[in-house]
Every structure is written in C-alpha cells, then in structure tokens.
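**Student:** If you scroll down you'll find the structure; I have some questions about it.
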Number of protein chains: 2
Amino acid sequence: MIKYLITGFSGFVAKHFLDHLEDVKTPAYILGIDLYAPSFDIHSFKYIHCSFEQTNLLNKDELDNAIYQFQPTHIVHLASFSSVAYSWKNPIASFANNTNIFLNLLEKVRQMQLSCRILSIGSSEEYGNVSPEDLPLREDRVLNPLSPYAVARVSQEMLSKIYVDGYGLDIVMTRSFNHIGPGHKDIFVISSFAKQLVEIKKYKHLPEINTGDLSIIRDFLDVRDVVKAYHILLQKGRKGEVYNVCSGKGLTLEQVIQKMMQILDIKVKTVTNPSLIRPSDNPMIVGCNEKLSSETNWKPTYALEQSLEDMITYWSEKQ
Amino acid sequence: MIKYLITGFSGFVAKHFLDHLEDVKTPAYILGIDLYAPSFDIHSFKYIHCSFEQTNLLNKDELDNAIYQFQPTHIVHLASFSSVAYSWKNPIASFANNTNIFLNLLEKVRQMQLSCRILSIGSSEEYGNVSPEDLPLREDRVLNPLSPYAVARVSQEMLSKIYVDGYGLDIVMTRSFNHIGPGHKDIFVISSFAKQLVEIKKYKHLPEINTGDLSIIRDFLDVRDVVKAYHILLQKGRKGEVYNVCSGKGLTLEQVIQKMMQILDIKVKTVTNPSLIRPSDNPMIVGCNEKLSSETNWKPTYALEQSLEDMITYWSEKQ
C-alpha cells in the first residue's frame with residue numbers, strides 16, 4: 001500500500017491534499033508531521049488512514065526518526081515558511097525553514113537508501129525579475145530570485161537536482177504559483193483581502209483597506225487544482241524534472257479585489273501603505289502549464305470566481 | 001584606520017592575505033575569527049595589528065559578538081568548507097559551513113546597520129556543467145552547479161545579491177578558481193599530489209599514486225595572486241558585482257602532475273582509483289579574468305612552474 005509522509009501536515013495545502021486522496025478513493029497510509037497539531041480530525045477519513053507526529057523539521061533526529069519508523073513510499077514535502085514578506089523580515093528563519101529542512105530530509109532518505117518518490121515544492125517566486133516578453137514563464141527560463149524566500153526555494157531546487165543526479169534519489173520538483181482557496185491564512189495577500197472585505201460587509205467597518213502595490217500581476221491557482229497536480233506528479237512526473245503548477249492566466253491584485261467586491265456587492269477604497277511595499281518585487285509573474293498538462297493530462301478545473309466565492313464563504317463562516 | 005574582520009583566519013588563504021597587507025605597508029587593524037587558533041604568530045607583523053578570537057560561525061551569538069565588538073570597516077569572508085569531495089560525503093555540513101554561516105554574517109551587518117564593505121568569496125564550481133564553446137567562462141554565464149558545495153556557493157551568491165539590492169549592503173563577490181601555492185592542505189588535489197611526489201622522492205616509496213580522473217581541466221591561480229585580487233576588489237570592486245578570480249589558462253590534472261615530476265626529476269605511475277571519482281564532475285573549467293583586470297588593473301604574476309616549485313619546497317620542508 002502507498003505510504004505518504006506529508007511534511008507541513010497542519011497547513012493549508014495538506015488538508016486539501018488529504019481531501020483529494022479521499023475523493024479518489026484509493027486506500028493509503030499517511031504519516032503527517034508538523035510542528036503543530038492539525039486543526040482537523042485525522043480520523044474523519046474513510047479511504048485513507050492518517051496518523052500524526054509532532055515533529056520539528058529543524059531537529060534532524062526528530063525528522064530522521066519519523067522517516068525511519070514510517071518508511072514512506074512517497075514524501076510530499078509541503079512544509080515551508082512560504083511568505084515573501086516574512087522572509088524580508090526574517091531571512092535566516094525563512095532560509096532554514098525552506099532550504100535546510102529540505103536538505104535534512106533528502107539526506108536521511110539518502111543515508112537510509114530508502115526507495116521512495118519525493119515531491120519537492122518550489123515557487124514561482126524563483127523566476128524573479130522577468131520582462132513581459134518572457135511571459136508566460138516556461139520551466140527553462142533563467143531564475144533571478146528577488147527575495148530571501150525566492151533564494152531559499154532556488155537553493156532547494158538546486159539541491160534536489162544534486163540528489164537526483166549525484167545520488168540517484170527519485171525527486172520531482174514543482175514551481176507552484178500563487179495559491180488561492182478556502183482555508184488560506186490571512187498572512188497571504190488574497191486571503192487577507194477576502195477576510196477584510198468580509199469584515200467590512202458584515203460589521204459595516206470603514207470601507208477602506210490598506211494594501212501594498214496593487215498593480216503587480218500574479219497567476220492564481222485554486223489549491224484544489226494544486227493538490228490534484230501534486231497527486232498526478234507523484235504518479236506521472238519525470239524524475240529530476242521541474243513542473244510549473246499554475247493557471248496560465250495573469251491578473252493584477254487590483255482586478256482580484258474588484259472581483260471580490262462584486263461578489264460581496266460592496267465598494268471599498270484601497271489605500272497604499274508604504275510599509276506593505278516590499279524592498280524588491282516582481283511586477284508580473286504568469287506561468288505556462290503546458291509541460292504539466294501535456295505530460296500528465298492535468299487541467300485546472302476551478303474558475304477564479306469560484307475560488308474567490310469559496311474564500312469569501314470561508315471567512316464569512318469564520319467571523 | 002581600516003579594520004578588517006577576517007573569517008577563516010587560520011586557513012591557507014588568510015595567511016597569504018595578511019602577508020600581502022604587510023607587503024603593501026598600509027597599517028590596518030585585523031580581527032581574525034576561526035574555529036581553530038592560527039598556527040602562525042599573529043604578532044609577527046610590522047604594519048598590521050592582528051588579534052584573534054576563537055569563534056564558531058555557526059553559533060550566531062559568537063559571530064554577532066565579534067562583529068559588534070570590532071565594528072569592522074571591511075569583512076573578508078574566507079571561512080568555508082571548500083572541498084567538493086567532502087561536500088559529497090557531508091552535504092549538510094558543507095551547506096551549513098558555506099551558506100548558513102554567510103547568511104548569519106550578513107544578517108548581523110544588516111541588523112547593526114554597519115557601514116562596511118564585504119568580500120563574498122565564491123567558486124568556479126558554481127558554473128558547473130559547461131561546454132567547450134562556453135570557455136573561457138565569463139561572469140554572465142548561467143550557473144549549473146553540480147555538487148553540494150557548488151550549490152552552497154551559488155546560494156551564498158544569490159543571498160549576497162538580495163542583501164545588496166533589497167537591504168543596501170555593500171558586497172563585492174568573487175568566483176575564485178582553483179588555488180595553488182605553498183601551505184595548501186593536502187585534501188586539495190594538487191597539494192595532495194605534490195605531497196605524495198615529495199614523499200616518493202625523499203623516502204623512495206613505490207613510484208605510484210592513486211588519482212581520480214586526471215583528464216579534467218582546471219584553471220589554477222597562485223594563492224598570492226588570489227589575495228592580491230581580493231585586496232584590490234575591496235578597494236575598487238563595484239558593489240553587487242561578481243568577479244572571476246582566475247588565471248585564464250586551462251590545464252589537465254595530468255599536465256600538472258607531469259610538470260611536478262619534471263621539477264622533482266622523477267617518474268611516477270598514476271593509478272585511477274574509482275573511489276576518488278566524484279558522482280558528477282565538470283570536465284573543464286577555465287575562466288576569463290577580463291572583468292577583474294580591466295576594472296582594477298589586477299594581473300596574475302606567478303607562473304605555474306613557480307607555484308608548483310614553491311609547493312614542492314613547502315612539502316619538502318614539512319616532511
């Protein structure tokens with residue numbers, strides 16, 4: 001039976017990944033590891049069997065022990081400090097909790113000579129400074145990371161390649177673009193906007209929100225399409241290859257806010273707050289998903305409006 | 001007065017850097033930090049004033065304290081686990097002792113808002129897999145690191161760029177090619193050959209040495225030319241720029257061994273030892289030093305034969 005070790009188990013993406021495994025009705029054992037216990041009931045699934053172990057991935061002994069005891073056939077490495085803004089404030093912690101934890105994991109798999117497939121999650125931020133003629137971004141484009149977080153992800157990807165080519169590990173890599181969807185924490189921009197707009201509507205707060213630069217263009221993909229891509233890459237992705245996981249469409253943050261205002265039927269003024277502007281930022285990131293879709297038949301299924309509605313519903317129910 | 005903080009103070013390059021500073025007769029304060037005490041007398045200099053503090057760069061408090069107390073005007077970051085072979089055996093330690101220690105250092109300078117110039121040493125290994133038409137390598141070539149050590153150095157360089165562009169630090173970067181010269185440890189290939197050949201000559205050992213792949217081509221630069229380049233880059237290098245530090249000439253390891261046999265007037269058989277072949281390696285690395293020489297007037301001054309003779313003399317006196 002398939003045995004998935006999932007790092008970052010208590011996070012946003014992991015829960016959606018579990019829901020997807022349950023949807024496809026294939027029995028599997030899951031060991032989830034995370035610094036914090038999950039907020040969902042791990043025994044609520046019918047087809048998959050989950051257990052959880054509180055694990056600090058920076059503590060090599062704890063991580064080693066989890067891998068050694070569980071002997072996974074697949075590792076889905078979702079653990080990450082994935083906020084760009086956080087990385088500018090805490091570059092050391094960002095680097096450690098992206099690159100170093102991943103290296104610890106790879107090294108244990110190598111030392112154990114464990115035969116397992118590893119999914120290494122990267123980020124569209126790795127592309128960095130791009131010009132309009134580079135869009136949509138293909139996987140062979142040169143990487144110019146522009147933030148501590150982006151550097152950490154490029155480092156992780158380079159290490160993956162070394163462990164494939166030099167040590168023979170079976171790793172498939174992604175560059176995942178901006179996720180949206182219900183359950184996303186409000187430290188991420190779209191979810192933060194959704195939460196604030198819901199509060200304004202509900203509590204009749206001052207119709208005004210502070211924002212960073214709203215002209216930046218990003219490629220948003222529903223987390224439920226993201227996890228389908230991860231599942232299919234674990235089965236069909238080619239060892240040592242990198243795949244964009246993205247919608248292929250670009251929108252400004254301004255356009256996304258406008259769509260949410262339409263859904264909520266409110267008008268809110270946006271005020272640029274200089275403290276929310278990052279030291280350097282990519283004006284536009286839009287990916288090409290042709291490699292993923294042509295090799296695996298994966299296609300995005302959620303329209304942007306659906307994702308935004310579900311996020312608004314999520315925050316409405318939480319308030 | 002200029003105040004140099006030198007990391008990796010007890011290593012091969014630092015001693016040559018100090019000798020160079022002494023040669024140019026410019027007074028300076030030096031604080032050397034290293035895990036181990038230096039084997040030379042730090043009070044033997046006339047123009048420069050050295051002190052030493054035993055410091056573990058992985059211990060952020062110790063490093064922070066050294067920087068805070070000394071308030072350097074220049075940081076020469078020589079500390080590194082710079083062996084490619086070691087990095088294949090100990091990728092975690094290699095990464096920590098290249099990338100993480102450097103990030104610790106940058107972060108302290110940022111937090112203190114210390115106005116100082118930092119020299120970040122990188123490696124020709126960063127170029128990785130290159131084809132003959134790419135030679136000699138120029139700084140704008142895409143990097144394809146092929147070993148854990150090379151990845152660590154590319155990560156360090158990317159972090160340097162982030163700290164220049166995002167936080168405004170004053171960092172000049174190098175990609176330093178293979179060093180040779182008296183005092184180099186015998187974990188490095190040319191020095192190891194020199195030592196073995198000297199032993200064969202002196203003690204009439206079996207005239208045979210075990211080697212890795214002798215057909216690989218490298219660009220060797222005498223450490224005394226390397227440190228001159230570092231000194232000049234600290235004065236004239238442009239902030240945020242990367243400079244190759246190299247001879248511009250490529251030789252196979254076989255050619256270098258032959259030259260040393262000529263100097264020693266011996267014939268020795270080379271036997272390929274599969275355990276010395278690396279998982280992946282770059283067949284040829286030769287750099288172009290035009291950027292460094294045109295911007296700073298630096299030129300290599302030691303002929304290869306001179307460097308090899310001095311290495312042979314060094315090992316002859318040590319035996």
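Identifiers in this document derive from the order of the structure tokens: chains are assigned A, B, ..., residues are numbered from 1 separately in each chain, and ligands are numbered from 1 in order of occurrence.
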Wanna dump the segment 247-285 of chain B-segment 304-314 of chain B contacts at 8 Å for me, each residue with its shortest atom pair and the distance in Å to one decimal, counting only C-alpha atoms, ordered by chain and number, as a tab-separated table?
**Tutor:**
```
residue	atom	partner	partner_atom	distance
B:Lys259	CA	B:Glu305	CA	7.4
B:Met260	CA	B:Leu308	CA	6.6
B:Ile263	CA	B:Glu309	CA	6.9
```
**Student:** Compile the residues of chain A that lie within 7 Å of chain B, evaluated using only C-alpha atoms, and express the compilation as a PyMOL selection string.
**Tutor:** chain A and resi 92+103+146-148+151+155+158-159+162+166+279-280
**Student:** I want to know what sits within 10 Å of Ser275 of chain B, based on only C-alpha atoms, with residues of the same chain fewer than 6 positions away left out; could you give that as a ChimeraX atom specification?
**Tutor:** /B:210-212
**Student:** For the selection you just gave me, I'd like the residues written to a file as a PDB file, in the first residue's frame, keeping C-alpha atoms.
**Tutor:**
```pdb
ATOM      1  CA  ASN B 210      46.228   6.872  -6.679  1.00  0.00           C
ATOM      2  CA  THR B 211      44.241   9.522  -8.506  1.00  0.00           C
ATOM      3  CA  GLY B 212      40.743  10.438  -9.596  1.00  0.00           C
TER       4      GLY B 212
END
```
**Student:** Which residue gives the smallest distance to Phe70 of chain A among A:Leu35, A:Val268, A:Val13, A:Ile6, with only C-alpha atoms counted?
**Tutor:**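 Using only C-alpha atoms, the shortest distance to Phe70 of chain A belongs to A:Ile6.
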**Student:** Assign secondary structure with DSSP using the backbone only, and return the residues of segment 56-213 of chain B in strand (DSSP E or B) as a ChimeraX atom specification.
**Tutor:** /B:74-77,117-123,128,137,144,170-176,178-180,208-211
**Student:** Could you tell me which of A:Leu197, A:Tyr36, A:Val242, A:Ser316 comes closest to Arg141 of chain A if we count only C-alpha atoms?
**Tutor:**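 Closest residue, counting only C-alpha atoms: A:Val242.
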**Student:** Nearest to Lys202 of chain B: which of B:Ile67, B:Ile266, B:Leu18, B:Cys288 is it, counting only C-alpha atoms?
**Tutor:** B:Ile266
